[in-house]
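What's in run.csv: CSV, C-alpha atoms and all ligand atoms
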chain,number,residue,atom,x,y,z
T,1,MET,CA,-10.9,37.2,20.6
T,2,ASN,CA,-14.1,36.9,22.5
T,3,ALA,CA,-14.8,33.7,24.5
T,4,ILE,CA,-15.9,30.8,22.3
T,5,PRO,CA,-18.9,29.0,23.8
T,6,LEU,CA,-19.4,25.2,23.6
T,7,VAL,CA,-22.7,25.9,21.8
T,8,ASP,CA,-24.0,29.1,20.4
T,9,LEU,CA,-27.6,29.0,19.4
T,10,SER,CA,-27.9,32.7,18.4
T,11,VAL,CA,-26.9,32.1,14.7
T,12,GLN,CA,-29.8,29.6,14.3
T,13,HIS,CA,-32.2,31.9,16.1
T,14,THR,CA,-31.4,34.8,13.8
T,15,GLN,CA,-32.3,32.7,10.8
T,16,ILE,CA,-35.7,31.6,12.1
T,17,ALA,CA,-36.7,34.6,14.3
T,18,ASP,CA,-39.4,36.0,11.9
T,19,GLU,CA,-40.9,32.6,11.2
T,20,VAL,CA,-41.1,31.7,14.9
T,21,GLY,CA,-42.5,35.1,15.8
T,22,SER,CA,-45.4,34.8,13.3
T,23,GLY,CA,-45.9,31.2,14.3
T,24,PHE,CA,-46.1,32.1,17.9
T,25,ALA,CA,-48.6,34.9,17.1
T,26,ASP,CA,-50.8,32.3,15.3
T,27,VAL,CA,-50.8,30.0,18.3
T,28,LEU,CA,-51.6,32.8,20.7
T,29,ALA,CA,-54.4,34.0,18.5
T,30,ALA,CA,-55.9,30.5,18.2
T,31,GLY,CA,-55.2,29.6,21.9
T,32,ASP,CA,-54.4,26.0,20.9
T,33,PHE,CA,-51.5,25.6,23.4
T,34,ILE,CA,-51.9,21.9,23.9
T,35,GLY,CA,-52.0,19.5,20.9
T,36,GLY,CA,-52.4,22.4,18.5
T,37,LYS,CA,-52.1,22.2,14.7
T,38,ALA,CA,-48.4,22.8,14.8
T,39,VAL,CA,-47.8,19.6,16.8
T,40,ALA,CA,-49.6,17.4,14.3
T,41,ALA,CA,-47.8,19.2,11.4
T,42,PHE,CA,-44.4,18.8,13.0
T,43,GLU,CA,-45.1,15.1,13.8
T,44,GLN,CA,-45.9,14.4,10.2
T,45,GLU,CA,-42.9,16.4,8.9
T,46,TYR,CA,-40.5,14.8,11.3
T,47,ALA,CA,-41.8,11.3,10.4
T,48,GLU,CA,-41.2,12.2,6.7
T,49,PHE,CA,-37.8,13.6,7.4
T,50,ALA,CA,-36.7,10.4,9.2
T,51,GLY,CA,-38.5,8.1,6.8
T,52,VAL,CA,-40.6,6.4,9.5
T,53,GLY,CA,-44.3,5.7,9.8
T,54,HIS,CA,-45.1,7.4,13.0
T,55,CYS,CA,-43.8,10.2,15.2
T,56,VAL,CA,-45.3,11.1,18.5
T,57,GLY,CA,-44.2,14.4,20.1
T,58,VAL,CA,-43.7,14.1,23.9
T,59,GLY,CA,-42.4,16.3,26.7
T,60,ASN,CA,-38.7,15.5,26.6
T,61,GLY,CA,-36.2,12.8,25.5
T,62,THR,CA,-36.2,11.0,28.8
T,63,ASP,CA,-40.0,10.6,28.7
T,64,ALA,CA,-39.6,9.5,25.1
T,65,LEU,CA,-37.3,6.7,26.2
T,66,GLU,CA,-39.5,5.7,29.1
T,67,MET,CA,-42.6,5.7,27.0
T,68,ALA,CA,-40.9,3.6,24.3
T,69,LEU,CA,-39.9,1.1,26.9
T,70,ARG,CA,-43.4,1.1,28.5
T,71,SER,CA,-45.0,0.7,25.1
T,72,LEU,CA,-43.0,-2.5,24.7
T,73,GLY,CA,-44.3,-3.8,28.0
T,74,VAL,CA,-41.1,-3.4,30.1
T,75,GLU,CA,-42.1,-4.1,33.6
T,76,PRO,CA,-40.5,-4.5,37.1
T,77,GLY,CA,-37.8,-7.1,37.1
T,78,ASP,CA,-37.1,-6.8,33.3
T,79,GLU,CA,-33.5,-6.1,32.3
T,80,VAL,CA,-32.5,-3.6,29.7
T,81,VAL,CA,-29.0,-3.4,28.3
T,82,VAL,CA,-27.6,0.1,28.0
T,83,PRO,CA,-24.1,1.5,27.2
T,84,ALA,CA,-22.0,2.7,30.1
T,85,ASN,CA,-20.9,5.7,28.1
T,86,THR,CA,-24.1,7.8,27.6
T,87,PHE,CA,-26.1,10.5,29.2
T,88,ILE,CA,-27.7,9.2,32.4
T,89,ALA,CA,-31.2,9.6,30.9
T,90,THR,CA,-30.8,6.3,28.9
T,91,ALA,CA,-30.5,4.3,32.1
T,92,GLU,CA,-32.8,6.6,34.1
T,93,ALA,CA,-35.6,5.9,31.7
T,94,VAL,CA,-35.2,2.1,32.3
T,95,VAL,CA,-35.4,2.5,36.0
T,96,ARG,CA,-38.5,4.8,35.7
T,97,ALA,CA,-40.2,2.2,33.5
T,98,GLY,CA,-39.6,-0.3,36.3
T,99,GLY,CA,-36.7,-2.1,34.7
T,100,ARG,CA,-33.1,-2.8,35.7
T,101,PRO,CA,-30.3,-1.3,33.5
T,102,VAL,CA,-27.5,-3.7,32.7
T,103,PHE,CA,-24.4,-1.7,31.7
T,104,VAL,CA,-22.3,-2.9,28.8
T,105,ASP,CA,-19.0,-1.3,27.7
T,106,VAL,CA,-18.4,0.7,24.5
T,107,ASP,CA,-15.9,0.2,21.7
T,108,ASP,CA,-12.6,2.2,22.1
T,109,GLU,CA,-12.9,4.0,18.7
T,110,ALA,CA,-16.4,5.5,18.4
T,111,LEU,CA,-17.3,5.0,22.1
T,112,LEU,CA,-20.6,3.5,21.1
T,113,LEU,CA,-22.2,0.4,22.7
T,114,ASP,CA,-19.9,-2.5,21.7
T,115,PRO,CA,-22.2,-5.0,19.9
T,116,GLY,CA,-19.7,-7.8,20.6
T,117,LEU,CA,-20.3,-7.6,24.3
T,118,VAL,CA,-24.1,-7.6,24.2
T,119,GLU,CA,-24.7,-11.4,24.0
T,120,ALA,CA,-22.9,-12.1,27.2
T,121,ALA,CA,-25.1,-9.5,29.1
T,122,LEU,CA,-28.4,-11.2,28.1
T,123,THR,CA,-30.4,-13.2,30.6
T,124,ASP,CA,-33.8,-14.7,30.8
T,125,ARG,CA,-35.0,-11.3,32.0
T,126,THR,CA,-33.6,-9.2,29.2
T,127,ARG,CA,-36.4,-7.4,27.6
T,128,ALA,CA,-34.7,-4.8,25.5
T,129,VAL,CA,-31.3,-3.3,24.4
T,130,ILE,CA,-30.8,0.5,23.9
T,131,PRO,CA,-27.9,1.4,21.6
T,132,VAL,CA,-27.3,5.1,21.8
T,133,ASP,CA,-26.3,7.2,18.7
T,134,LEU,CA,-23.8,9.1,20.9
T,135,TYR,CA,-22.2,12.3,19.7
T,136,GLY,CA,-24.1,12.3,16.4
T,137,GLN,CA,-23.4,8.9,14.8
T,138,VAL,CA,-25.7,5.9,14.5
T,139,ALA,CA,-24.7,2.9,16.6
T,140,PRO,CA,-23.8,-0.3,14.6
T,141,PHE,CA,-27.3,-1.8,15.0
T,142,GLU,CA,-26.7,-4.5,12.3
T,143,GLN,CA,-23.9,-5.9,14.4
T,144,LEU,CA,-26.1,-6.7,17.4
T,145,PRO,CA,-26.3,-10.4,18.0
T,146,GLN,CA,-28.8,-12.6,16.2
T,147,ALA,CA,-29.8,-13.8,19.6
T,148,LEU,CA,-31.9,-10.7,20.2
T,149,ALA,CA,-34.3,-11.5,17.4
T,150,GLU,CA,-34.4,-15.2,18.3
T,151,ARG,CA,-35.2,-14.4,21.9
T,152,GLY,CA,-37.8,-11.7,21.2
T,153,ILE,CA,-35.6,-8.9,22.8
T,154,ALA,CA,-36.6,-5.5,21.5
T,155,VAL,CA,-34.1,-2.9,20.3
T,156,VAL,CA,-34.8,0.7,21.2
T,157,GLU,CA,-32.8,3.4,19.6
T,158,ASP,CA,-31.7,6.4,21.7
T,159,GLY,CA,-31.4,9.0,18.9
T,160,ALA,CA,-31.3,12.0,21.2
T,161,GLN,CA,-28.0,13.2,19.6
T,162,SER,CA,-28.4,12.0,16.0
T,163,GLN,CA,-31.2,13.9,14.3
T,164,GLY,CA,-30.4,13.8,10.5
T,165,ALA,CA,-27.6,11.2,10.9
T,166,ARG,CA,-27.6,8.1,8.6
T,167,ARG,CA,-26.0,4.7,8.7
T,168,ASN,CA,-25.6,2.8,5.4
T,169,GLY,CA,-28.2,5.3,3.9
T,170,ARG,CA,-30.8,4.7,6.6
T,171,SER,CA,-31.9,7.6,8.9
T,172,ALA,CA,-31.5,7.8,12.6
T,173,GLY,CA,-34.8,7.2,14.3
T,174,THR,CA,-35.6,4.2,12.2
T,175,PHE,CA,-33.3,1.6,13.8
T,176,GLY,CA,-34.8,-0.9,16.2
T,177,THR,CA,-38.5,-1.4,17.0
T,178,VAL,CA,-38.9,2.1,18.4
T,179,ALA,CA,-36.7,5.1,18.8
T,180,ALA,CA,-36.6,8.1,21.1
T,181,THR,CA,-35.2,11.5,20.5
T,182,SER,CA,-34.7,14.7,22.5
T,183,PHE,CA,-35.3,18.3,21.4
T,184,TYR,CA,-33.4,19.8,24.3
T,185,PRO,CA,-32.3,23.3,23.1
T,186,GLY,CA,-28.6,22.3,22.4
T,187,LYS,CA,-29.5,19.2,20.3
T,188,ASN,CA,-29.0,19.3,16.5
T,189,LEU,CA,-32.8,19.8,16.3
T,190,GLY,CA,-33.4,21.8,19.5
T,191,ALA,CA,-36.6,23.5,20.8
T,192,TYR,CA,-36.8,26.6,23.0
T,193,GLY,CA,-37.4,24.5,26.0
T,194,ASP,CA,-37.9,20.8,26.5
T,195,GLY,CA,-39.3,18.5,23.9
T,196,GLY,CA,-38.9,15.0,22.6
T,197,ALA,CA,-40.4,12.4,20.2
T,198,VAL,CA,-40.9,8.7,19.8
T,199,THR,CA,-40.6,7.3,16.2
T,200,THR,CA,-41.7,3.8,15.1
T,201,ASP,CA,-43.1,2.0,12.1
T,202,ASP,CA,-45.4,0.1,14.4
T,203,PRO,CA,-48.8,1.9,14.6
T,204,ALA,CA,-49.8,0.0,17.7
T,205,LEU,CA,-46.7,1.1,19.6
T,206,ALA,CA,-47.2,4.7,18.4
T,207,GLU,CA,-50.8,4.6,19.7
T,208,THR,CA,-49.7,3.3,23.1
T,209,VAL,CA,-47.1,6.0,23.4
T,210,ARG,CA,-49.7,8.7,22.6
T,211,LEU,CA,-52.1,7.1,25.1
T,212,LEU,CA,-49.4,7.0,27.8
T,213,GLY,CA,-48.6,10.7,27.4
T,214,ALA,CA,-52.2,11.7,27.7
T,215,HIS,CA,-52.9,10.2,31.1
T,216,GLY,CA,-53.6,6.8,29.6
T,217,SER,CA,-56.7,8.2,27.9
T,218,PRO,CA,-57.6,7.3,24.3
T,219,SER,CA,-60.4,9.9,24.5
T,220,LYS,CA,-61.2,12.5,27.1
T,221,TYR,CA,-61.6,11.1,30.6
T,222,GLN,CA,-61.5,7.5,29.4
T,223,HIS,CA,-58.4,6.3,31.3
T,224,THR,CA,-57.7,2.8,30.1
T,225,HIS,CA,-54.0,2.8,31.2
T,226,LEU,CA,-52.0,4.4,34.0
T,227,GLY,CA,-50.1,7.0,32.1
T,228,PHE,CA,-48.8,10.5,32.7
T,229,ASN,CA,-48.6,14.0,31.2
T,230,SER,CA,-46.0,14.2,28.5
T,231,ARG,CA,-46.8,16.1,25.3
T,232,LEU,CA,-44.9,18.3,22.9
T,233,ASP,CA,-45.9,21.9,23.5
T,234,THR,CA,-47.5,23.7,20.5
T,235,LEU,CA,-45.1,26.6,20.8
T,236,GLN,CA,-42.1,24.2,20.7
T,237,ALA,CA,-43.6,22.6,17.6
T,238,VAL,CA,-43.5,26.0,15.9
T,239,VAL,CA,-39.8,26.3,16.6
T,240,LEU,CA,-39.1,22.7,15.6
T,241,ARG,CA,-40.9,23.1,12.3
T,242,ALA,CA,-38.8,26.2,11.4
T,243,LYS,CA,-35.6,24.4,12.5
T,244,LEU,CA,-36.4,21.1,10.7
T,245,ARG,CA,-36.5,22.9,7.4
T,246,ARG,CA,-32.9,24.0,7.9
T,247,LEU,CA,-31.6,21.0,9.8
T,248,GLU,CA,-29.7,19.4,6.8
T,249,ARG,CA,-27.9,22.6,6.0
T,250,TRP,CA,-27.0,23.1,9.7
T,251,ASN,CA,-25.8,19.5,9.9
T,252,ASP,CA,-23.7,20.1,6.8
T,253,GLN,CA,-22.1,23.1,8.6
T,254,ARG,CA,-21.3,20.9,11.6
T,255,LEU,CA,-19.7,18.3,9.3
T,256,ALA,CA,-17.6,21.0,7.7
T,257,ALA,CA,-16.5,22.2,11.1
T,258,ALA,CA,-15.6,18.6,12.1
T,259,VAL,CA,-13.5,18.2,9.0
T,260,TYR,CA,-11.7,21.5,9.7
T,261,TYR,CA,-11.0,20.4,13.3
T,262,ASP,CA,-9.6,17.1,11.9
T,263,GLU,CA,-7.3,19.1,9.7
T,264,LEU,CA,-6.3,21.6,12.4
T,265,LEU,CA,-5.7,18.9,15.1
T,266,GLY,CA,-4.6,15.9,13.0
T,267,GLU,CA,-0.9,16.5,13.5
T,268,VAL,CA,-1.1,17.8,17.1
T,269,PRO,CA,0.7,15.3,19.4
T,270,GLY,CA,-1.4,14.3,22.3
T,271,VAL,CA,-4.8,14.8,20.7
T,272,ARG,CA,-6.7,11.8,19.6
T,273,LEU,CA,-9.3,12.7,17.1
T,274,PRO,CA,-12.9,11.3,17.1
T,275,ALA,CA,-13.6,8.3,14.8
T,276,THR,CA,-16.5,7.9,12.4
T,277,LEU,CA,-17.6,4.3,11.9
T,278,PRO,CA,-17.6,3.1,8.2
T,279,GLY,CA,-21.0,3.6,6.7
T,280,ASN,CA,-21.9,6.5,9.0
T,281,GLN,CA,-23.0,10.0,8.0
T,282,HIS,CA,-22.1,11.7,11.2
T,283,VAL,CA,-24.0,14.8,12.3
T,284,TRP,CA,-21.5,16.0,14.9
T,285,HIS,CA,-23.7,16.8,17.8
T,286,LEU,CA,-20.4,16.8,19.7
T,287,TYR,CA,-16.8,16.8,18.5
T,288,VAL,CA,-15.0,14.7,21.2
T,289,VAL,CA,-11.3,14.4,21.3
T,290,ARG,CA,-9.2,12.5,23.8
T,291,VAL,CA,-6.3,13.9,25.7
T,292,ASN,CA,-4.2,12.9,28.8
T,293,SER,CA,-4.5,15.1,31.9
T,294,ARG,CA,-7.9,16.1,30.6
T,295,ASP,CA,-8.9,18.1,33.7
T,296,ILE,CA,-5.8,20.3,33.5
T,297,VAL,CA,-6.3,20.7,29.7
T,298,LEU,CA,-9.9,21.7,30.3
T,299,HIS,CA,-8.9,24.2,32.9
T,300,ARG,CA,-6.5,25.8,30.5
T,301,LEU,CA,-9.1,26.0,27.8
T,302,HIS,CA,-11.6,27.6,30.1
T,303,ALA,CA,-8.9,30.1,31.3
T,304,ASP,CA,-8.3,31.1,27.7
T,305,GLY,CA,-12.0,31.5,26.9
T,306,VAL,CA,-12.7,28.2,25.1
T,307,GLY,CA,-16.0,26.7,26.3
T,308,ALA,CA,-15.1,23.0,26.1
T,309,GLY,CA,-17.1,20.4,28.0
T,310,ILE,CA,-17.1,16.7,29.0
T,311,HIS,CA,-19.7,14.2,27.8
T,312,TYR,CA,-19.7,12.6,30.2
T,313,PRO,CA,-17.3,12.8,33.2
T,314,VAL,CA,-18.6,9.8,35.1
T,315,PRO,CA,-19.6,6.6,33.2
T,316,VAL,CA,-23.3,6.0,34.1
T,317,HIS,CA,-22.7,2.7,35.9
T,318,LEU,CA,-20.4,4.5,38.4
T,319,THR,CA,-22.8,7.4,39.2
T,320,PRO,CA,-24.2,7.3,42.7
T,321,ALA,CA,-27.7,7.3,41.3
T,322,MET,CA,-27.0,3.9,39.7
T,323,LYS,CA,-25.3,2.3,42.7
T,324,ASP,CA,-28.0,-0.3,42.9
T,325,PHE,CA,-27.5,-1.3,39.3
T,326,GLY,CA,-23.9,-0.4,38.4
T,327,SER,CA,-21.4,-3.2,38.5
T,328,GLY,CA,-18.6,-1.2,40.1
T,329,PRO,CA,-15.2,0.1,38.9
T,330,GLY,CA,-13.5,-2.0,36.4
T,331,SER,CA,-16.7,-3.5,34.9
T,332,CYS,CA,-16.7,-1.2,31.8
T,333,PRO,CA,-13.0,-0.4,31.4
T,334,VAL,CA,-13.1,1.4,28.0
T,335,SER,CA,-15.8,3.8,29.3
T,336,GLU,CA,-13.9,4.3,32.5
T,337,VAL,CA,-10.7,5.2,30.8
T,338,ALA,CA,-12.4,7.3,28.2
T,339,ALA,CA,-14.3,9.3,30.9
T,340,GLU,CA,-10.9,10.6,32.1
T,341,GLN,CA,-9.8,11.6,28.6
T,342,ILE,CA,-12.7,12.9,26.6
T,343,LEU,CA,-13.1,16.6,25.8
T,344,SER,CA,-15.9,18.1,23.8
T,345,LEU,CA,-14.8,21.1,21.7
T,346,PRO,CA,-17.1,23.9,20.6
T,347,ILE,CA,-19.1,23.0,17.6
T,348,PHE,CA,-22.4,24.5,16.3
T,349,PRO,CA,-23.8,25.7,13.0
T,350,GLY,CA,-22.2,29.1,12.4
T,351,ILE,CA,-18.9,28.5,14.2
T,352,THR,CA,-16.3,30.4,12.3
T,353,ARG,CA,-13.0,29.1,11.0
T,354,ALA,CA,-11.3,31.8,13.1
T,355,GLN,CA,-13.0,30.5,16.2
T,356,GLN,CA,-11.9,26.9,15.4
T,357,GLU,CA,-8.4,28.0,14.7
T,358,ARG,CA,-8.3,29.7,18.1
T,359,VAL,CA,-9.7,26.5,19.8
T,360,ALA,CA,-7.0,24.4,18.1
T,361,GLU,CA,-4.3,26.8,19.0
T,362,VAL,CA,-5.3,26.9,22.7
T,363,LEU,CA,-5.7,23.1,22.8
T,364,ALA,CA,-2.3,22.5,21.2
T,365,ALA,CA,-0.7,24.7,23.8
T,366,ALA,CA,-2.6,23.1,26.6
T,367,VAL,CA,-1.7,19.5,25.7
T,368,GLY,CA,1.9,20.4,24.8
T,369,GLY,CA,4.3,17.6,25.6
T,370,SER,CA,1.6,14.9,26.0
T,371,THR,CA,2.0,11.7,24.1
T,372,LEU,CA,-1.5,10.3,23.8
T,373,LYS,CA,-2.4,9.5,20.2
T,401,LIG,C1,-28.2,10.3,24.8
T,401,LIG,C2,-29.3,11.0,25.4
T,401,LIG,N1,-30.4,10.3,25.8
T,401,LIG,C3,-31.4,10.9,26.4
T,401,LIG,C4,-31.5,12.3,26.6
T,401,LIG,C5,-32.6,12.9,27.4
T,401,LIG,O1,-33.3,13.9,26.7
T,401,LIG,P1,-34.0,15.1,27.5
T,401,LIG,O2,-32.9,15.9,28.1
T,401,LIG,O3,-34.8,15.8,26.5
T,401,LIG,O4,-34.8,14.5,28.6
T,401,LIG,C6,-30.4,13.1,26.2
T,401,LIG,C7,-30.4,14.5,26.3
T,401,LIG,O5,-30.3,15.2,27.2
T,401,LIG,C8,-29.3,12.4,25.6
T,401,LIG,O6,-28.2,13.1,25.2
Can the structure from this file be put into structure tokens for me?
Amino acid sequence: MNAIPLVDLSVQHTQIADEVGSGFADVLAAGDFIGGKAVAAFEQEYAEFAGVGHCVGVGNGTDALEMALRSLGVEPGDEVVVPANTFIATAEAVVRAGGRPVFVDVDDEALLLDPGLVEAALTDRTRAVIPVDLYGQVAPFEQLPQALAERGIAVVEDGAQSQGARRNGRSAGTFGTVAATSFYPGKNLGAYGDGGAVTTDDPALAETVRLLGAHGSPSKYQHTHLGFNSRLDTLQAVVLRAKLRRLERWNDQRLAAAVYYDELLGEVPGVRLPATLPGNQHVWHLYVVRVNSRDIVLHRLHADGVGAGIHYPVPVHLTPAMKDFGSGPGSCPVSEVAAEQILSLPIFPGITRAQQERVAEVLAAAVGGSTLK
């Protein structure tokens, strides 16, 4: 069998190629490359999809997080609580907004920010908390401490990996005061380049985000704020509109693939399956198992043509980039142990059962004899 990639975007492209081709032709004919009609249409369609009042398209997910924080008024010296197990962008955006990330550990089952640990991390300088909907399931927002509301601490949802997910019937992108998402190509809703969005029900925050992304300018050359350049490209909006129409179907295919992996791997000794929190409709951006001797297992998978990955190999608080903010080894033990065990298996809309069976077969052989469960 041919190599099985971690992500294969070709199946999606085949389905939208004609629509994207004619959409691109329209943009080229109109020449509206910045802020063109497709951007406004996508923003409206994505807001409707998520069930939120406002969507502002921006340049990428990291900018979306930074702009969300800046729209809330995060400034130098402010602290923002983030999970230790996430992509670095969650913490990077805090630093870029002038804040200080405060790392909190994740729970051992779903590997999401542990709400029970948040209160102890709050100080007089805490301005916001960023739960991350990691791997495709919404974080347990309703379990965050009451103290947040009492102390006026904002909640920002990092929904980069959860487009289309739901928690207790409510859509990703609607939790917290403001949410950020990423349209990086491999995301559940991925563009053909970089892209991102901020969603919120608060019109004033949406307006501030839009202003920040357009050089702090409410109208041409009227620069009321110090902003930057971060807008969703019109061509990317064409791609995203075509993909959004198919997202639910593709997320269903991811779910079916996850269910099949559960079935194939459920009885394999040494493979711990991913957990879905009660109340969650998971969209399986990543299917992350846990194994002992992960690096050896990964090496064997790669040798046998299985494109597994690690998300993420170093907990953010231990990355050299965060040395001024991280609290050192041992401060987030669940994330630190998980980082040595986690293994992301190939998953994407269109993955075949034969491909999954091959992944399971190679994985079972690679972990043979291990006792982790
Ligand atoms: C959890 C998380 N947050 C933020 C980002 C940043 O998004 P982008 O790569 O579009 O800047 C990503 C994606 O890469 C992510 O996975």
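Near ligand LIG 401 (chain T), the residues found within 7 Å are Asn60, Gly61, Thr62, Asp63, Thr86, Phe87, Ala89, Thr90, Val132, Leu134, Asp158, Gly159, Ala160, Gln161, Thr181, Ser182, Phe183, Tyr184, Asp194, Gly195 and Gly196 of chain T (criterion computed using all atoms listed in the file).
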| field | Straight-line distance linking CA of Ala121 (chain T) with CA of Pro101 (chain T), stated in Å to one decimal | value | 10.7 Å
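Residues near the point (-30.5, 31.9, 9.0), at a distance of 12 Å or less over all atoms listed in the file, make up Leu9, Ser10, Val11, Gln12, His13, Thr14, Gln15, Ile16, Ala17, Asp18, Glu19, Ala242, Lys243, Arg245, Arg246, Leu247, Arg249, Trp250, Pro349 and Gly350 of chain T.
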| query | For Glu43 (chain T), which residue among T:Leu244, T:Leu212, T:Ala154, T:Ala30 is the nearest when counting only C-alpha atoms? | reply | T:Leu244
| Spatial neighbours of Ala91 (chain T), 10 Å, all atoms listed in the file, chain gap at least 3 places, as a PyMOL selection string | chain T and resi 62+65-66+80-84+86-88+94-96+99-103+130+316-317+322+325
Write the selection just made, keeping C-alpha atoms, as a CSV table (one decimal), in the frame of the given file?
chain,number,residue,atom,x,y,z
T,62,THR,CA,-36.2,11.0,28.8
T,65,LEU,CA,-37.3,6.7,26.2
T,66,GLU,CA,-39.5,5.7,29.1
T,80,VAL,CA,-32.5,-3.6,29.7
T,81,VAL,CA,-29.0,-3.4,28.3
T,82,VAL,CA,-27.6,0.1,28.0
T,83,PRO,CA,-24.1,1.5,27.2
T,84,ALA,CA,-22.0,2.7,30.1
T,86,THR,CA,-24.1,7.8,27.6
T,87,PHE,CA,-26.1,10.5,29.2
T,88,ILE,CA,-27.7,9.2,32.4
T,94,VAL,CA,-35.2,2.1,32.3
T,95,VAL,CA,-35.4,2.5,36.0
T,96,ARG,CA,-38.5,4.8,35.7
T,99,GLY,CA,-36.7,-2.1,34.7
T,100,ARG,CA,-33.1,-2.8,35.7
T,101,PRO,CA,-30.3,-1.3,33.5
T,102,VAL,CA,-27.5,-3.7,32.7
T,103,PHE,CA,-24.4,-1.7,31.7
T,130,ILE,CA,-30.8,0.5,23.9
T,316,VAL,CA,-23.3,6.0,34.1
T,317,HIS,CA,-22.7,2.7,35.9
T,322,MET,CA,-27.0,3.9,39.7
T,325,PHE,CA,-27.5,-1.3,39.3
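The spacing separating CA of Gly227 (chain T) from CA of Tyr46 (chain T) amounts to 24.2 Å.
Proximity to Gly35 (chain T) was assessed for T:Ala47, T:Val58, T:Leu148, T:Ile4 counting all atoms listed in the file; the smallest distance is recorded for T:Val58.
In terms of minimum interatomic distance to Leu72 (chain T), T:Val156 ranks closest within T:Ala197, T:Ala25, T:Val359, T:Val156, counting only C-alpha atoms.
Considering the residues T:Thr234, T:Thr174, T:Ser219, T:Gln44 and counting all atoms listed in the file, Val27 (chain T) has its shortest atom-to-atom contact with T:Thr234.
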Per-residue nearest contacts of region 60-147 of chain T to region 252-274 of chain T (12 Å; all atoms listed in the file) as JSON lines:
{"residue": "T:Asp108", "atom": "CA", "partner": "T:Pro274", "partner_atom": "CA", "distance": 10.4}
{"residue": "T:Glu109", "atom": "CA", "partner": "T:Pro274", "partner_atom": "CA", "distance": 7.5}
{"residue": "T:Ala110", "atom": "CA", "partner": "T:Pro274", "partner_atom": "CA", "distance": 6.9}
{"residue": "T:Leu111", "atom": "CA", "partner": "T:Pro274", "partner_atom": "CA", "distance": 9.2}
{"residue": "T:Leu112", "atom": "CA", "partner": "T:Pro274", "partner_atom": "CA", "distance": 11.7}
{"residue": "T:Leu134", "atom": "CA", "partner": "T:Pro274", "partner_atom": "CA", "distance": 11.8}
{"residue": "T:Tyr135", "atom": "CA", "partner": "T:Pro274", "partner_atom": "CA", "distance": 9.7}
{"residue": "T:Gly136", "atom": "CA", "partner": "T:Arg254", "partner_atom": "CA", "distance": 10.2}
{"residue": "T:Gln137", "atom": "CA", "partner": "T:Pro274", "partner_atom": "CA", "distance": 11.0}
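For the pair CA of Leu232 (chain T) and CA of Val56 (chain T), the interatomic distance is 8.4 Å.
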| Which one is closest to Phe24 (chain T): T:Ala97, T:Val239, T:Leu205, T:Ala40? Count all atoms listed in the file. | T:Val239
| query | Do you know which residues are at most 12 Å from Asp295 (chain T) counting only C-alpha atoms, after dropping those on the same chain fewer than 3 positions away, and could you put them as a list in words? | reply | Arg290, Val291, Asn292, Leu298, His299, Arg300, Leu301, His302, Ala308, Gly309, Ile310, Pro313, Ala339, Glu340, Gln341, Ile342, Leu343, Ala366 and Val367 of chain T
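Distance check against Arg170 (chain T) using all atoms listed in the file: of T:Ala38, T:Leu144, T:Leu6, T:Ala50, the minimum falls on T:Ala50.
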| task | Show me as a list in words the residues that reach within 10 Å of (-16.3, 1.8, 39.6), counting all atoms listed in the file and using the file's own coordinates. | result | Val314, Pro315, Val316, His317, Leu318, Thr319, Lys323, Gly326, Ser327, Gly328, Pro329, Gly330, Ser331, Cys332, Pro333 and Glu336 of chain T
